[in-house]
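Trainee: Provided below: target_28.cif, containing mmCIF, C-alpha atoms.
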data_protein
loop_
_atom_site.label_atom_id
_atom_site.label_comp_id
_atom_site.auth_asym_id
_atom_site.auth_seq_id
_atom_site.Cartn_x
_atom_site.Cartn_y
_atom_site.Cartn_z
CA MET F 1 0.00 0.00 0.00
CA ILE F 2 2.85 2.34 0.87
CA PHE F 3 4.18 1.81 -2.65
CA TRP F 4 0.89 2.92 -4.21
CA TYR F 5 0.68 5.97 -1.96
CA ILE F 6 4.07 7.09 -3.21
CA ILE F 7 3.18 6.33 -6.86
CA ALA F 8 -0.04 8.35 -6.55
CA GLY F 9 1.95 11.21 -5.08
CA ILE F 10 4.49 11.09 -7.90
CA CYS F 11 1.71 11.20 -10.54
CA GLY F 12 0.11 14.22 -8.91
CA GLY F 13 3.49 15.85 -8.34
CA ILE F 14 4.63 15.53 -11.95
CA ILE F 15 1.50 17.27 -13.17
CA GLY F 16 1.75 19.86 -10.41
CA GLY F 17 5.40 20.47 -11.27
CA MET F 18 4.41 21.09 -14.86
CA GLY F 19 2.11 23.80 -13.57
CA MET F 20 -1.21 22.32 -14.61
CA GLY F 21 -2.96 21.96 -11.27
CA GLY F 22 -1.88 18.65 -9.81
CA GLY F 23 -4.56 18.78 -7.13
CA THR F 24 -7.37 18.34 -9.56
CA LEU F 25 -5.86 15.00 -10.51
CA LEU F 26 -4.30 13.87 -7.22
CA ILE F 27 -7.64 13.98 -5.37
CA PRO F 28 -9.49 11.67 -7.84
CA ILE F 29 -6.51 9.26 -7.88
CA LEU F 30 -6.62 9.06 -4.08
CA THR F 31 -10.38 8.58 -3.85
CA LEU F 32 -10.89 6.31 -6.88
CA PHE F 33 -7.90 3.98 -6.63
CA LEU F 34 -6.81 4.13 -3.01
CA ASP F 35 -10.19 4.39 -1.27
CA ILE F 36 -9.28 7.47 0.69
CA GLU F 37 -12.21 9.59 1.81
CA GLN F 38 -12.80 12.81 -0.10
CA ARG F 39 -12.05 15.18 2.77
CA GLN F 40 -8.91 13.27 3.74
CA ALA F 41 -7.75 13.40 0.12
CA GLN F 42 -8.30 17.15 0.12
CA ALA F 43 -6.26 17.51 3.32
CA ILE F 44 -3.42 15.48 1.76
CA ASN F 45 -3.52 17.62 -1.36
CA LEU F 46 -3.34 20.84 0.65
CA VAL F 47 -0.42 19.67 2.78
CA ALA F 48 1.47 18.11 -0.15
CA PHE F 49 1.24 21.32 -2.16
CA ILE F 50 3.06 23.44 0.43
CA PRO F 51 6.67 22.13 0.24
CA MET F 52 6.57 22.10 -3.55
CA ALA F 53 5.13 25.60 -3.73
CA VAL F 54 7.78 26.95 -1.35
CA VAL F 55 10.66 25.49 -3.38
CA VAL F 56 9.20 26.54 -6.73
CA SER F 57 8.45 30.05 -5.44
CA ILE F 58 12.01 30.53 -4.18
CA ILE F 59 13.31 29.59 -7.64
CA ASN F 60 10.79 31.91 -9.30
CA ALA F 61 11.67 34.77 -6.96
CA LYS F 62 15.35 34.40 -7.85
CA GLN F 63 14.47 34.47 -11.55
CA LYS F 64 12.28 37.55 -10.94
CA ASN F 65 9.27 35.76 -12.36
CA LEU F 66 6.81 37.01 -9.74
CA ASP F 67 4.49 40.00 -9.77
CA TYR F 68 3.92 40.72 -6.07
CA LYS F 69 1.35 43.45 -6.63
CA SER F 70 -0.92 41.16 -8.64
CA ILE F 71 -0.42 38.35 -6.13
CA LEU F 72 -1.51 40.63 -3.28
CA LYS F 73 -4.55 41.78 -5.25
CA VAL F 74 -5.79 38.20 -5.51
CA VAL F 75 -4.70 36.92 -2.10
CA LEU F 76 -6.38 39.64 -0.03
CA PRO F 77 -9.97 38.80 -1.09
CA ALA F 78 -9.26 35.08 -1.53
CA LEU F 79 -7.86 34.46 1.95
CA PRO F 80 -11.02 35.15 4.03
CA ALA F 81 -13.13 33.23 1.51
CA SER F 82 -10.88 30.19 1.73
CA ILE F 83 -10.90 30.27 5.53
CA LEU F 84 -14.71 30.29 5.53
CA THR F 85 -15.05 27.43 3.07
CA SER F 86 -12.33 25.40 4.80
CA PHE F 87 -14.51 25.40 7.90
CA ALA F 88 -17.59 24.72 5.78
CA ALA F 89 -15.90 21.65 4.25
CA GLY F 90 -15.81 20.14 7.74
CA LYS F 91 -19.59 20.37 8.00
CA ILE F 92 -20.25 18.63 4.68
CA HIS F 93 -20.21 14.83 4.49
CA SER F 94 -17.37 13.37 2.39
CA SER F 95 -19.76 11.65 -0.03
CA VAL F 96 -21.58 14.91 -0.77
CA LEU F 97 -18.28 16.76 -1.04
CA SER F 98 -17.00 14.26 -3.60
CA VAL F 99 -20.08 14.72 -5.79
CA ILE F 100 -19.67 18.52 -5.77
CA PHE F 101 -15.97 18.09 -6.50
CA ALA F 102 -16.68 15.69 -9.37
CA VAL F 103 -19.10 18.16 -10.97
CA PHE F 104 -16.52 20.93 -10.51
CA ILE F 105 -13.63 19.12 -12.20
CA THR F 106 -15.85 17.87 -15.03
CA CYS F 107 -17.03 21.40 -15.81
CA LEU F 108 -13.54 22.89 -15.42
CA GLY F 109 -12.11 20.12 -17.62
CA VAL F 110 -14.62 20.79 -20.39
CA VAL F 111 -14.05 24.56 -20.30
CA MET F 112 -10.26 24.26 -20.27
CA PHE F 113 -10.36 21.59 -23.01
CA VAL F 114 -12.31 23.91 -25.31
CA VAL F 115 -10.14 26.93 -24.47
CA THR F 116 -6.91 25.03 -25.16
CA LEU F 117 -8.28 23.63 -28.40
CA TYR F 118 -9.20 27.18 -29.44
CA LYS F 119 -5.71 28.43 -28.56
CA CYS F 120 -4.15 25.61 -30.60
CA THR F 121 -6.29 26.43 -33.62
CA ILE F 122 -5.39 30.13 -33.45
CA ALA F 123 -1.67 29.32 -33.17
CA TYR F 124 -1.91 26.86 -36.06
CA MET F 125 -3.74 29.36 -38.28
CA ARG F 126 -1.17 32.06 -37.53
CA LYS F 127 1.61 29.64 -38.45
CA CYS F 128 -0.12 28.77 -41.73
CA LYS F 129 -0.55 32.44 -42.55
CA GLU F 130 3.11 33.11 -41.87
CA GLU F 131 4.16 30.27 -44.15
CA TYR F 132 1.79 31.48 -46.81
CA THR F 133 3.22 35.00 -46.74
CA LEU F 134 6.75 33.62 -46.72
CA ASN F 135 6.05 31.52 -49.82
CA ASP F 136 4.57 34.52 -51.48
CA MET W 1 13.21 49.56 -11.15
CA GLU W 2 12.94 48.37 -14.71
CA ASN W 3 9.22 47.84 -14.34
CA LYS W 4 8.68 51.31 -12.96
CA CYS W 5 10.42 52.87 -15.93
CA LYS W 6 8.29 50.90 -18.35
CA ASN W 7 5.12 51.88 -16.54
CA SER W 8 5.95 55.53 -16.48
CA THR W 9 6.71 55.68 -20.22
CA LYS W 10 3.52 53.78 -20.91
CA PHE W 11 1.61 56.14 -18.70
CA THR W 12 2.87 59.30 -20.35
CA LEU W 13 2.17 57.82 -23.76
CA LYS W 14 -1.32 56.91 -22.67
CA ARG W 15 -1.91 60.37 -21.24
CA ASP W 16 -0.79 62.05 -24.44
CA PHE W 17 -3.04 59.77 -26.39
CA GLU W 18 -5.94 60.52 -24.08
CA ALA W 19 -5.38 64.24 -24.31
CA ALA W 20 -5.41 64.04 -28.08
CA GLN W 21 -8.53 61.91 -28.01
CA GLU W 22 -10.26 64.23 -25.60
CA GLY W 23 -9.83 67.20 -27.92
CA LYS W 24 -11.27 65.17 -30.77
CA ASN W 25 -14.14 63.67 -28.86
CA THR W 26 -15.45 66.88 -27.34
CA VAL W 27 -15.94 68.07 -30.88
CA ASN W 28 -17.36 64.78 -32.11
CA ASN W 29 -19.76 63.47 -29.51
CA GLY W 30 -18.96 65.12 -26.19
CA LYS W 31 -17.97 61.83 -24.51
CA ASN W 32 -15.06 61.95 -22.12
CA PRO W 33 -12.74 58.99 -22.77
CA ASN W 34 -11.11 59.51 -19.38
CA ARG W 35 -14.38 58.68 -17.76
CA VAL W 36 -14.92 55.65 -19.97
CA GLU W 37 -11.51 54.34 -19.01
CA LYS W 38 -12.19 54.97 -15.34
CA ILE W 39 -15.40 52.95 -15.50
CA GLY W 40 -13.50 50.17 -17.25
CA LYS W 41 -10.88 50.19 -14.52
CA VAL W 42 -13.48 50.01 -11.76
CA ALA W 43 -15.26 47.15 -13.53
CA LYS W 44 -11.96 45.30 -13.86
CA ASN W 45 -11.21 45.78 -10.17
CA ILE W 46 -14.64 44.55 -9.15
CA LEU W 47 -14.27 41.53 -11.42
CA THR W 48 -10.82 40.79 -9.99
CA ILE W 49 -12.17 40.88 -6.43
CA ALA W 50 -15.18 38.72 -7.36
CA VAL W 51 -13.09 36.06 -9.10
CA SER W 52 -10.51 36.14 -6.29
CA LEU W 53 -13.26 35.48 -3.76
CA THR W 54 -14.40 32.51 -5.87
CA VAL W 55 -10.85 31.20 -6.16
CA GLY W 56 -10.44 31.36 -2.38
CA ALA W 57 -13.80 29.71 -1.78
CA ILE W 58 -13.05 26.85 -4.18
CA ASN W 59 -9.55 26.29 -2.84
CA GLY W 60 -10.86 26.03 0.70
CA LEU W 61 -13.85 23.84 -0.13
CA PHE W 62 -12.05 21.38 -2.42
CA GLY W 63 -8.54 21.64 -1.04
CA GLY W 64 -7.19 22.52 -4.47
CA GLY W 65 -8.04 23.63 -7.96
CA GLY W 66 -7.63 27.32 -7.19
CA GLY W 67 -4.39 27.60 -9.12
CA MET W 68 -6.02 26.82 -12.43
CA LEU W 69 -8.52 29.63 -11.90
CA VAL W 70 -5.89 32.16 -10.81
CA ILE W 71 -4.05 31.97 -14.14
CA PRO W 72 -6.84 33.60 -16.22
CA VAL W 73 -7.18 36.31 -13.53
CA MET W 74 -3.48 37.04 -13.83
CA THR W 75 -3.38 37.06 -17.63
CA LEU W 76 -6.76 38.57 -18.57
CA LEU W 77 -7.55 40.91 -15.67
CA LEU W 78 -4.13 41.88 -14.33
CA GLY W 79 -2.28 41.75 -17.63
CA LEU W 80 0.62 39.45 -16.80
CA GLU W 81 2.39 37.39 -19.44
CA GLU W 82 1.81 33.63 -19.45
CA LYS W 83 5.04 32.54 -17.74
CA LYS W 84 4.88 35.17 -15.01
CA ALA W 85 1.19 34.37 -14.49
CA HIS W 86 1.98 30.69 -13.93
CA SER W 87 4.69 31.30 -11.34
CA SER W 88 2.70 34.05 -9.61
CA ALA W 89 -0.32 31.73 -9.40
CA ILE W 90 1.71 29.25 -7.34
CA LEU W 91 2.73 31.91 -4.82
CA THR W 92 -0.89 33.15 -4.72
CA ILE W 93 -2.21 29.72 -3.75
CA LEU W 94 0.56 29.12 -1.18
CA PRO W 95 -0.86 31.31 1.64
CA LEU W 96 -4.40 30.05 0.91
CA SER W 97 -3.30 26.43 1.11
CA LEU W 98 -1.21 27.13 4.20
CA VAL W 99 -4.19 28.51 6.14
CA SER W 100 -6.62 25.90 4.77
CA SER W 101 -4.28 23.00 5.54
CA LEU W 102 -3.95 24.26 9.11
CA ILE W 103 -7.74 24.17 9.46
CA TYR W 104 -7.91 20.68 7.87
CA VAL W 105 -5.06 19.29 9.99
CA ILE W 106 -6.43 20.66 13.27
CA ARG W 107 -9.82 19.18 12.40
CA GLY W 108 -8.05 15.80 12.02
CA ASP W 109 -8.57 15.22 8.31
CA PHE W 110 -4.89 14.67 7.58
CA VAL W 111 -3.99 11.02 8.21
CA LEU W 112 -0.24 10.82 8.58
CA LYS W 113 -0.08 7.12 7.59
CA SER W 114 -1.32 7.70 4.05
CA GLY W 115 -0.69 11.42 3.75
CA GLY W 116 2.99 11.28 4.64
CA PHE W 117 3.86 8.90 1.81
CA VAL W 118 1.72 10.73 -0.72
CA THR W 119 3.41 14.01 0.24
CA ALA W 120 6.83 12.43 -0.24
CA GLY W 121 5.70 11.21 -3.66
CA VAL W 122 4.40 14.64 -4.62
CA ILE W 123 7.75 16.25 -3.79
CA LEU W 124 9.57 13.63 -5.90
CA GLY W 125 7.08 14.03 -8.74
CA GLY W 126 7.25 17.80 -8.54
CA ILE W 127 11.01 17.74 -9.16
CA LEU W 128 10.50 15.32 -12.07
CA GLY W 129 7.68 17.47 -13.44
CA THR W 130 9.78 20.61 -13.70
CA PHE W 131 12.30 18.69 -15.79
CA VAL W 132 9.67 17.07 -18.01
CA MET W 133 8.01 20.42 -18.64
CA LYS W 134 10.94 21.69 -20.64
CA LYS W 135 10.93 18.72 -22.99
CA LEU W 136 7.30 18.12 -23.97
CA SER W 137 4.97 20.23 -26.07
CA ASN W 138 2.63 22.06 -23.73
CA ASN W 139 -0.63 22.31 -25.65
CA VAL W 140 -0.89 18.64 -26.57
CA LEU W 141 -0.15 17.70 -22.99
CA SER W 142 -2.77 20.12 -21.68
CA ILE W 143 -5.47 18.66 -23.92
CA VAL W 144 -4.64 15.13 -22.73
CA PHE W 145 -4.63 16.35 -19.14
CA TYR W 146 -8.05 18.02 -19.44
CA ALA W 147 -9.47 14.92 -21.09
CA ILE W 148 -8.24 12.86 -18.12
CA MET W 149 -9.78 15.43 -15.78
CA ILE W 150 -13.20 15.11 -17.45
CA PHE W 151 -12.88 11.32 -17.33
CA ALA W 152 -11.92 11.42 -13.63
CA GLY W 153 -14.87 13.67 -12.81
CA ILE W 154 -17.34 11.45 -14.62
CA SER W 155 -16.00 8.27 -13.03
CA MET W 156 -16.28 9.87 -9.59
CA LEU W 157 -19.91 10.70 -10.33
CA VAL W 158 -20.62 7.19 -11.66
CA ASN W 159 -18.97 5.72 -8.55
CA ARG W 160 -21.45 7.59 -6.34
CA ILE W 161 -24.54 6.57 -8.32
#
Represent the structure contained in this file as structure tokens.
Mentor:
Amino acid sequence: MIFWYIIAGICGGIIGGMGMGGGTLLIPILTLFLDIEQRQAQAINLVAFIPMAVVVSIINAKQKNLDYKSILKVVLPALPASILTSFAAGKIHSSVLSVIFAVFITCLGVVMFVVTLYKCTIAYMRKCKEEYTLND
Amino acid sequence: MENKCKNSTKFTLKRDFEAAQEGKNTVNNGKNPNRVEKIGKVAKNILTIAVSLTVGAINGLFGGGGGMLVIPVMTLLLGLEEKKAHSSAILTILPLSLVSSLIYVIRGDFVLKSGGFVTAGVILGGILGTFVMKKLSNNVLSIVFYAIMIFAGISMLVNRI
């Protein structure tokens, strides 16, 4: 079992490290394959994110890749909201929470899928246009 | 320092442009473009606050997923470039996750037996992921990832029913 816990973590970590939101995949892996309760999976995801985020942020800060003003603009309203809902999550049963979460990631997946497909098409069309003008 | 310089040149350019526009518009239709821009700015700020509240709420309720929503805020509303938006999103979620994880851990939702190993795996995978990122094409990977996400969501729903 320990082996599978580590494997699940590595899968989520790879995707997180690529900057695509590892949590949205780590939680379903934990609940679907390893029979961990939804709220426990969420707790694991929260805790597991912290060391990675600290290391990555230090690297990003050194490379001057951070915009602190924008970060503050988002964090200030988001922080009280997340505190409230973190307490609220404790009041909701894990089975209900997992259904809400499943609906959330399905919707988010569909939206992001369409957006990325759109971006690809635009990029491809631009490339074609460039080639066309070059050949001209 | 560099940023400040850029902003100031942009600002003066913008102001000149506005001044020129203002002269034109008062003749044409009497609308003040300064005012229009101000309303746009206020709307953008309100939208930023509203989406930030949603991001926080989702991150607390689901213990994740906020990062994906922060990126469009950073790029579309706050005007950051893609790479900077990605790295800033991580630092934005860090304090949220820190506070939320404290609440979850104190409540007793974090089981060390399973959670400890998964966390170790995530750290390992995270290091691997940053190396992989440089080698693979991003868009193709994203589409595959979102397809898996949809699949995972649907299988979670089917599991419940």
Trainee: What's around F:Leu108 at 12 Å? Count only C-alpha atoms, leave out sequence neighbours fewer than 6 positions away in its own chain, and write the answer as an MDAnalysis selection string.
Mentor: (chainID F and resid 21 24 101:102 114:116) or (chainID W and resid 58 65:66 68:69 145:153)
Trainee: I'd like the residues picked by the PyMOL selection byres ((chain F) within 6 of (chain W)) written out as a PyMOL selection string, using the chain letters and numbers from the file.
Mentor: chain F and resi 5-6+9-10+13-14+17-18+21+23-24+40+42-44+46-48+52+65-66+71+74-75+77-79+81-82+85-86+89+102+105-106+109+113
Trainee: Figure out the distance between atom CA of F:Leu72 and atom CA of W:Val36, please, to one decimal in Å.
Mentor: 26.2 Å
Trainee: Using atom CA of F:Ala88 and atom CA of F:Leu25 as the two end points, give the distance in Å to one decimal.
Mentor: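 Calculated distance between atom CA of F:Ala88 and atom CA of F:Leu25 is 22.3 Å.
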Trainee: Quick check, in Å to one decimal: how far apart do atom CA of F:Ala123 and atom CA of W:Ile71 lie?
Mentor: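 So the two atoms, atom CA of F:Ala123 and atom CA of W:Ile71, lie 19.4 Å apart.
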Trainee: Start from the incomplete input, build N, CA and C atoms for stretch 30-63 of chain F, and deliver everything as a CSV table (one decimal), in the coordinates of the input.
Mentor:
chain,number,residue,atom,x,y,z
F,30,LEU,N,-6.6,9.5,-5.5
F,30,LEU,CA,-6.6,9.1,-4.1
F,30,LEU,C,-8.0,8.5,-3.7
F,31,THR,N,-9.0,9.1,-4.2
F,31,THR,CA,-10.4,8.6,-3.8
F,31,THR,C,-10.8,7.4,-4.7
F,32,LEU,N,-10.4,7.4,-6.0
F,32,LEU,CA,-10.9,6.3,-6.9
F,32,LEU,C,-10.1,5.0,-6.7
F,33,PHE,N,-8.7,5.2,-6.6
F,33,PHE,CA,-7.9,4.0,-6.6
F,33,PHE,C,-7.5,3.5,-5.2
F,34,LEU,N,-7.4,4.5,-4.3
F,34,LEU,CA,-6.8,4.1,-3.0
F,34,LEU,C,-7.8,4.2,-1.9
F,35,ASP,N,-9.1,4.4,-2.3
F,35,ASP,CA,-10.2,4.4,-1.3
F,35,ASP,C,-10.0,5.3,-0.1
F,36,ILE,N,-9.4,6.5,-0.4
F,36,ILE,CA,-9.3,7.5,0.7
F,36,ILE,C,-10.5,8.4,0.6
F,37,GLU,N,-11.0,8.7,1.8
F,37,GLU,CA,-12.2,9.6,1.8
F,37,GLU,C,-11.9,11.0,1.2
F,38,GLN,N,-13.0,11.5,0.6
F,38,GLN,CA,-12.8,12.8,-0.1
F,38,GLN,C,-12.1,13.9,0.7
F,39,ARG,N,-12.6,14.1,2.0
F,39,ARG,CA,-12.0,15.2,2.8
F,39,ARG,C,-10.6,14.9,3.2
F,40,GLN,N,-10.3,13.6,3.4
F,40,GLN,CA,-8.9,13.3,3.7
F,40,GLN,C,-8.0,13.5,2.5
F,41,ALA,N,-8.5,13.2,1.3
F,41,ALA,CA,-7.8,13.4,0.1
F,41,ALA,C,-7.5,14.9,-0.1
F,42,GLN,N,-8.5,15.7,0.2
F,42,GLN,CA,-8.3,17.2,0.1
F,42,GLN,C,-7.2,17.7,1.1
F,43,ALA,N,-7.3,17.1,2.3
F,43,ALA,CA,-6.3,17.5,3.3
F,43,ALA,C,-4.9,17.1,2.8
F,44,ILE,N,-4.7,15.9,2.3
F,44,ILE,CA,-3.4,15.5,1.8
F,44,ILE,C,-3.0,16.4,0.7
F,45,ASN,N,-3.9,16.7,-0.2
F,45,ASN,CA,-3.5,17.6,-1.4
F,45,ASN,C,-3.0,19.0,-0.9
F,46,LEU,N,-3.7,19.5,0.1
F,46,LEU,CA,-3.3,20.8,0.6
F,46,LEU,C,-1.9,20.8,1.3
F,47,VAL,N,-1.7,19.8,2.1
F,47,VAL,CA,-0.4,19.7,2.8
F,47,VAL,C,0.7,19.4,1.8
F,48,ALA,N,0.4,18.5,0.8
F,48,ALA,CA,1.5,18.1,-0.2
F,48,ALA,C,1.9,19.3,-1.0
F,49,PHE,N,1.0,20.2,-1.3
F,49,PHE,CA,1.2,21.3,-2.2
F,49,PHE,C,2.3,22.3,-1.6
F,50,ILE,N,2.3,22.4,-0.2
F,50,ILE,CA,3.1,23.4,0.4
F,50,ILE,C,4.6,23.3,0.2
F,51,PRO,N,5.2,22.2,0.5
F,51,PRO,CA,6.7,22.1,0.2
F,51,PRO,C,7.1,22.4,-1.2
F,52,MET,N,6.3,21.9,-2.1
F,52,MET,CA,6.6,22.1,-3.6
F,52,MET,C,6.4,23.6,-3.9
F,53,ALA,N,5.4,24.2,-3.4
F,53,ALA,CA,5.1,25.6,-3.7
F,53,ALA,C,6.2,26.5,-3.2
F,54,VAL,N,6.7,26.1,-2.0
F,54,VAL,CA,7.8,27.0,-1.4
F,54,VAL,C,9.0,26.9,-2.2
F,55,VAL,N,9.4,25.6,-2.6
F,55,VAL,CA,10.7,25.5,-3.4
F,55,VAL,C,10.5,26.2,-4.7
F,56,VAL,N,9.4,26.0,-5.4
F,56,VAL,CA,9.2,26.5,-6.7
F,56,VAL,C,9.2,28.1,-6.6
F,57,SER,N,8.6,28.6,-5.6
F,57,SER,CA,8.4,30.0,-5.4
F,57,SER,C,9.8,30.7,-5.2
F,58,ILE,N,10.7,30.0,-4.4
F,58,ILE,CA,12.0,30.5,-4.2
F,58,ILE,C,12.8,30.6,-5.5
F,59,ILE,N,12.6,29.6,-6.3
F,59,ILE,CA,13.3,29.6,-7.6
F,59,ILE,C,12.8,30.7,-8.5
F,60,ASN,N,11.4,30.9,-8.5
F,60,ASN,CA,10.8,31.9,-9.3
F,60,ASN,C,11.2,33.3,-8.8
F,61,ALA,N,11.3,33.5,-7.5
F,61,ALA,CA,11.7,34.8,-7.0
F,61,ALA,C,13.1,35.1,-7.4
F,62,LYS,N,14.0,34.1,-7.4
F,62,LYS,CA,15.4,34.4,-7.8
F,62,LYS,C,15.4,34.8,-9.3
F,63,GLN,N,14.5,34.2,-10.1
F,63,GLN,CA,14.5,34.5,-11.6
F,63,GLN,C,13.6,35.7,-11.9
